[in-house]
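Single-structure report; data block below.
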Amino acid sequence: MALAQVLLNGLLLGGIYACIGAGFSIVWGVVNIINILHGSFIVLGAYGAFFAHQHLGLHPFMAMLPLAGLGYLLGQGLQRHLIRHVMAAKVLVTLTLTFGLNLLLNNLMIYAFSADFRKVVLPNQEPLVLAGLTLPMDRLLSMLAAAGVVLATHLLVTRTMLGRSIVAVRMDPQAATLMGVDVDRTFAITFGLGTALAIVAGAILSPIFPISPTAADSYLGKAFIVCVLGGLGSLPGVLAGGIVLGLVESLGAFYLGPDHSLTLSFGLLLLFLLLRPQGLLGRKGFE
Amino acid sequence: MSKRIFIAQPLRATLMLLLCLALAVVAATGGSYWLRLASTAAMYVVLASSWNIVGGFTGYPSFATAAFFGLGAYVAAIAQTRGLPMAASWVAAGLFTAACAFALGLALLRLKGHYFAVGSLVVAEVLREIMAAGGTLTGGGMGLNLPLLSMAPQAIGRLYLAAFAVLAVASVLLSWAVLRSRFGAGLACIEQNEDAAVMLGVNTTLYKSAALALSALLAGLAGAVYANWINYIDPGDVFNVLLSVKPIVMALLGGIGTLTGPVIGAVGLVGLEEIVTRSFLDLTGVVLGLAVVALVLFLPHGVNGLAFMGRSLKGRQP
């Protein structure tokens, strides 16, 4: 029974991790940028939800949509005005640029909001008890919202013209240009989408995780792992990667103690990088 | 190729001499503030040169400097708590880190581009977690205290400055030796086009791993000296991701793949940081972030770019 509960906790956590990794994966897969800013964007979204709740009385899930719009504008502007200039440069240069931007944003958040931990406090909800298993309501709702966001993004990418152009650019930017896709514009839209997803993830986890700029690194680490486990730029892969990570962390904490669960998940990341860099659901040659 | 590496050579040679002179003056007459600043600068000269061997000469975007630095610090600290003398523990730390890096390189250096960058970044995270969960051997999250030297504070400061300075000079000389050797030519080949290097008969796996080991030797030694200098290490401090990123920024600033670039970049960035910290302590991170962004966007070739610009303005194409 204890094992079933651990697995359930892992599944709940996994859905939320998928949402954390989605924006990161799409930016890495399509724009070919490792966005070190991702963790700080998530924290920014969580602060957005926190202040919307405190000052406007909005539930974080209600604040999600307007925050996503702002995040999209922020990301699109960043790509269009800053990152575009180094698109042709080496990996090192783009990584260093997003690292510098992250240093800037993270320290500005510490300066503005202080490093104290905050939390969106919602009215207490009774946990759902099902066949002897306890389902904390807040986690369950956040997990459902997260899965919904990943699904919606998947539909956007697979069912719309915009999504088709994103996939086309991901497969082959040169060929996409020849087919009449505006690659620069698609990059900007994708980066905006990735940022919006990070902000939304922040809003979704604001009721369950403490909010602080210092949490950004750990979110970024999770995004790395989810992305490499699942396969780059693939949204079903992100879901699979998130759930595997959630299960590994829960089981690791249960059997080895919480100290070792992080070591375990990073070890898994290294193993996947070396043995199966295309991830669980990715296709070879797409990495 | 070699002409471009040694561009503006007389100017750079003069700069190096001036830096050595400044170092000697600080070591002889400086107070503890200047001793600390000079030690920090010398330490980063080591780290930036160390990174340059992998990131510059070989062209692999490594974020593993913090991993090697922290590993060196921990090996030295653990060896000393077990009774090994300080100098012997430093040598042991350097050699152990280099050996680990060589083995790691055999696996990790098969990755390229973003994948290598992420893999190398994660090595430090894994080591941090291992050290934090290491119980009494590593002191866990509480870290380890190192034995204090029974000397006057000034004399201790001079001793560590001397140790860092020796390491800094050694790392520049080592880089010079690599650049001039057959080994360095192989690395340059890998940096230009790895497939072509294989066809020319370069044993790329061996060369890349050896470059990583050499880089780790320097970073591990720097970490070991750092552990004694600070007297106390903990996982969050010695595996800090900034220890991986700052050397890259320094090399970018001074010129990647050059001999003197990492030196100039390290001294420049440490100086800039010190000025910023002294004036606005709260905003250090913000200003450092701004500096990195501005550097990447406006000076993608470092101060070398300025030299190129100057030359083309005069109508002489480099």
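Residues are named by chain letter and number: chains run A, B, ... in the order of the structure tokens, numbers start at 1 in each chain, and ligands are numbered from 1 in the order shown.
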* chain B contacts to chain A at 7 Å (only C-alpha atoms) as a list in words ->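 For chain B, the answer reads Pro61, Leu108, Gly113, His114, Tyr115, Gly119, Val122, Val126, Glu129, Ile130, Ala133, Gly285, Val286, Gly289, Leu290, Val292, Val293 and Val296 of chain B.
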Taking N, CA and C atoms for each residue, export the selection above as a short mmCIF file (atom, residue, chain, number, x, y, z; two decimals), in the first residue's frame.
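Result file is again11.cif:
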```cif
data_model
loop_
_atom_site.label_atom_id
_atom_site.label_comp_id
_atom_site.auth_asym_id
_atom_site.auth_seq_id
_atom_site.Cartn_x
_atom_site.Cartn_y
_atom_site.Cartn_z
N PRO B 61 32.41 23.17 -25.47
CA PRO B 61 31.85 24.14 -24.51
C PRO B 61 31.68 23.53 -23.12
N LEU B 108 32.11 11.30 -21.71
CA LEU B 108 31.37 12.55 -21.90
C LEU B 108 31.73 13.25 -23.21
N GLY B 113 28.26 19.78 -28.77
CA GLY B 113 27.37 20.94 -28.70
C GLY B 113 26.61 21.04 -27.39
N HIS B 114 25.30 21.29 -27.53
CA HIS B 114 24.46 21.48 -26.35
C HIS B 114 24.52 20.28 -25.40
N TYR B 115 24.56 19.08 -25.99
CA TYR B 115 24.53 17.89 -25.15
C TYR B 115 25.78 17.81 -24.28
N GLY B 119 25.76 17.97 -20.25
CA GLY B 119 26.41 16.87 -19.53
C GLY B 119 27.49 17.37 -18.59
N VAL B 122 26.11 19.10 -15.55
CA VAL B 122 25.47 18.22 -14.58
C VAL B 122 26.50 17.51 -13.69
N VAL B 126 25.97 16.58 -9.78
CA VAL B 126 26.04 15.23 -9.20
C VAL B 126 27.06 15.20 -8.07
N GLU B 129 25.79 16.89 -4.93
CA GLU B 129 24.84 16.07 -4.18
C GLU B 129 25.56 14.93 -3.46
N ILE B 130 26.55 14.33 -4.14
CA ILE B 130 27.29 13.23 -3.51
C ILE B 130 28.02 13.73 -2.26
N ALA B 133 25.69 14.45 0.58
CA ALA B 133 25.12 13.27 1.21
C ALA B 133 26.21 12.35 1.74
N GLY B 285 25.28 41.09 -8.60
CA GLY B 285 24.81 40.09 -9.57
C GLY B 285 24.21 40.75 -10.80
N VAL B 286 23.44 41.82 -10.58
CA VAL B 286 22.80 42.52 -11.68
C VAL B 286 23.86 43.07 -12.64
N GLY B 289 25.62 40.36 -14.54
CA GLY B 289 24.75 39.89 -15.61
C GLY B 289 24.77 40.85 -16.80
N LEU B 290 24.64 42.15 -16.52
CA LEU B 290 24.67 43.16 -17.58
C LEU B 290 25.98 43.10 -18.34
N VAL B 292 27.97 40.54 -18.72
CA VAL B 292 28.03 39.34 -19.56
C VAL B 292 27.22 39.55 -20.84
N VAL B 293 25.99 40.09 -20.68
CA VAL B 293 25.13 40.30 -21.85
C VAL B 293 25.79 41.28 -22.82
N VAL B 296 28.75 39.64 -24.69
CA VAL B 296 28.37 38.70 -25.75
C VAL B 296 27.81 39.45 -26.96
#
```
Which residues come within 10 Å of B:Val26, counting only C-alpha atoms, excluding same-chain residues fewer than 5 positions away, as an mmCIF file with N, CA and C atoms, in the first residue's frame?
```cif
data_model
loop_
_atom_site.group_PDB
_atom_site.id
_atom_site.type_symbol
_atom_site.label_atom_id
_atom_site.label_comp_id
_atom_site.auth_asym_id
_atom_site.auth_seq_id
_atom_site.Cartn_x
_atom_site.Cartn_y
_atom_site.Cartn_z
ATOM 1 N N CYS B 20 52.864 40.800 -13.841
ATOM 2 C CA CYS B 20 53.803 40.107 -12.955
ATOM 3 C C CYS B 20 54.425 41.080 -11.964
ATOM 4 N N LEU B 21 54.760 42.267 -12.476
ATOM 5 C CA LEU B 21 55.364 43.294 -11.626
ATOM 6 C C LEU B 21 54.388 43.702 -10.524
ATOM 7 N N GLY B 31 48.754 45.037 1.856
ATOM 8 C CA GLY B 31 48.022 44.651 3.059
ATOM 9 C C GLY B 31 47.115 43.483 2.755
ATOM 10 N N SER B 32 46.311 43.043 3.738
ATOM 11 C CA SER B 32 45.523 41.825 3.518
ATOM 12 C C SER B 32 44.488 42.010 2.412
ATOM 13 N N TYR B 33 43.950 43.256 2.268
ATOM 14 C CA TYR B 33 42.971 43.489 1.208
ATOM 15 C C TYR B 33 43.579 43.204 -0.157
ATOM 16 N N TRP B 34 44.745 43.773 -0.419
ATOM 17 C CA TRP B 34 45.377 43.591 -1.725
ATOM 18 C C TRP B 34 45.863 42.160 -1.914
ATOM 19 N N LEU B 35 46.307 41.530 -0.815
ATOM 20 C CA LEU B 35 46.717 40.129 -0.919
ATOM 21 C C LEU B 35 45.534 39.266 -1.350
ATOM 22 N N ARG B 36 44.361 39.542 -0.746
ATOM 23 C CA ARG B 36 43.178 38.754 -1.081
ATOM 24 C C ARG B 36 42.787 38.975 -2.539
ATOM 25 N N LEU B 37 42.777 40.246 -2.957
ATOM 26 C CA LEU B 37 42.371 40.566 -4.323
ATOM 27 C C LEU B 37 43.313 39.912 -5.337
ATOM 28 N N ALA B 38 44.628 40.021 -5.074
ATOM 29 C CA ALA B 38 45.595 39.445 -6.002
ATOM 30 C C ALA B 38 45.478 37.924 -6.032
ATOM 31 N N SER B 39 45.207 37.315 -4.875
ATOM 32 C CA SER B 39 45.040 35.857 -4.844
ATOM 33 C C SER B 39 43.826 35.440 -5.663
ATOM 34 N N ARG B 158 50.520 35.874 2.176
ATOM 35 C CA ARG B 158 51.605 35.856 1.180
ATOM 36 C C ARG B 158 51.836 34.449 0.658
ATOM 37 N N LEU B 161 49.070 33.566 -1.764
ATOM 38 C CA LEU B 161 49.246 34.335 -2.996
ATOM 39 C C LEU B 161 50.369 33.714 -3.827
#
```
* To do: Please measure the separation of atom CA of B:Gln192 and atom CA of B:Gly55, giving the value in Å to one decimal.
  =>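 Pair atom CA of B:Gln192 / atom CA of B:Gly55 returns 12.5 Å.
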* Coordinates-based distance that separates atom CA of B:Leu243 from atom CA of A:Leu232 (Å, one decimal) ->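 Between these atoms lies a distance of 27.7 Å.
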* If you run DSSP over the backbone, which residues in stretch 49-238 of chain B end up strand (DSSP E or B)? Put them as a list in words. =>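 Filtering stretch 49-238 of chain B to strand (DSSP E or B) leaves Leu144, Asn145, Tyr232 and Ile233 of chain B.
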Generate a file of the selected residues that holds N, CA and C atoms, formatted as a CSV table (one decimal), in the first residue's frame.
```
chain,number,residue,atom,x,y,z
B,144,LEU,N,33.5,21.0,5.5
B,144,LEU,CA,34.7,20.5,6.2
B,144,LEU,C,35.6,21.7,6.6
B,145,ASN,N,36.1,21.7,7.8
B,145,ASN,CA,37.1,22.7,8.3
B,145,ASN,C,38.5,22.1,8.0
B,232,TYR,N,37.7,26.6,5.0
B,232,TYR,CA,36.4,25.9,5.2
B,232,TYR,C,35.7,25.7,3.8
B,233,ILE,N,35.3,24.5,3.5
B,233,ILE,CA,34.6,24.3,2.3
B,233,ILE,C,33.2,23.7,2.5
```
* Please identify all polymer residues within 9 Å of A:Gln79, counting only C-alpha atoms, omitting same-chain residues fewer than 5 positions from it, and present them as a ChimeraX atom specification. => /A:74,84-85,187-189,191-192
* Which polymer residues have any atom within 8 Å of an atom of stretch 117-123 of chain A, counting only C-alpha atoms, with same-chain residues fewer than 3 positions away left out, as a ChimeraX atom specification? -> /A:49-50,53,206-212
Go ahead and save the picked residues with C-alpha atoms, as a PDB file, in the first residue's frame.
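part_25.pdb, freshly written:
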```pdb
ATOM      1  CA  ALA A  49       0.360  34.561  -9.484  1.00  0.00           C
ATOM      2  CA  PHE A  50       1.291  35.457  -5.893  1.00  0.00           C
ATOM      3  CA  HIS A  53      -3.762  36.565  -5.601  1.00  0.00           C
ATOM      4  CA  SER A 206       2.619  28.641  -6.849  1.00  0.00           C
ATOM      5  CA  PRO A 207       0.006  27.061  -4.508  1.00  0.00           C
ATOM      6  CA  ILE A 208       2.114  23.959  -3.804  1.00  0.00           C
ATOM      7  CA  PHE A 209       5.797  24.985  -3.844  1.00  0.00           C
ATOM      8  CA  PRO A 210       7.428  27.879  -1.927  1.00  0.00           C
ATOM      9  CA  ILE A 211       8.189  30.880  -4.144  1.00  0.00           C
ATOM     10  CA  SER A 212      11.695  32.381  -4.094  1.00  0.00           C
TER      11      SER A 212
END
```
* To do: Would you mind listing what lies within 10 Å of B:Glu191 as a PyMOL selection string, with only C-alpha atoms counted and same-chain residues fewer than 6 positions away left out?
  => chain B and resi 54-60+185+197+257
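Between atom CA of A:Ala68 and atom CA of A:Val167 there is a distance of 21.4 Å.
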* Find the residues near A:Ser25: any atom within 10 Å, counting only C-alpha atoms, skip ones fewer than 6 places away on the same chain, and give them as a list in words. =>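 Returned residues: Ala18, Val31, Asn32, Ile33, Ile34, Asn35, Gly194, Ala223, Phe224, Val226, Cys227, Val228, Gly230, Gly231, Leu232, Gly233, Ser234, Leu235, Gly237 and Val238 of chain A.
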* Quick one: everything within 10 Å of B:Val263, counting only C-alpha atoms, minus sequence neighbours fewer than 6 positions away in the same chain. Send it as a list in words. =>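 Listing them by chain and then by number gives Leu15, Met16, Leu19, Ala41, Ala42, Tyr44, Val45, Val46, Leu47, Ala48, Ser49, Ala168, Val169, Ser171, Val172, Met250, Ala251, Leu253, Gly254 and Gly255 of chain B.
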* Asked: From the set A:Ala146, A:Leu193, A:His55, A:His81, which residue has the shortest atom-to-atom contact distance to A:Gly242, counting only C-alpha atoms?
  ->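 Among the listed residues, A:Ala146 lies closest to A:Gly242.
Here the question is which of B:Ala28, B:Val166, B:Leu127, B:Ala155 gets nearest to B:Leu221 using only C-alpha atoms, and that residue is B:Val166.
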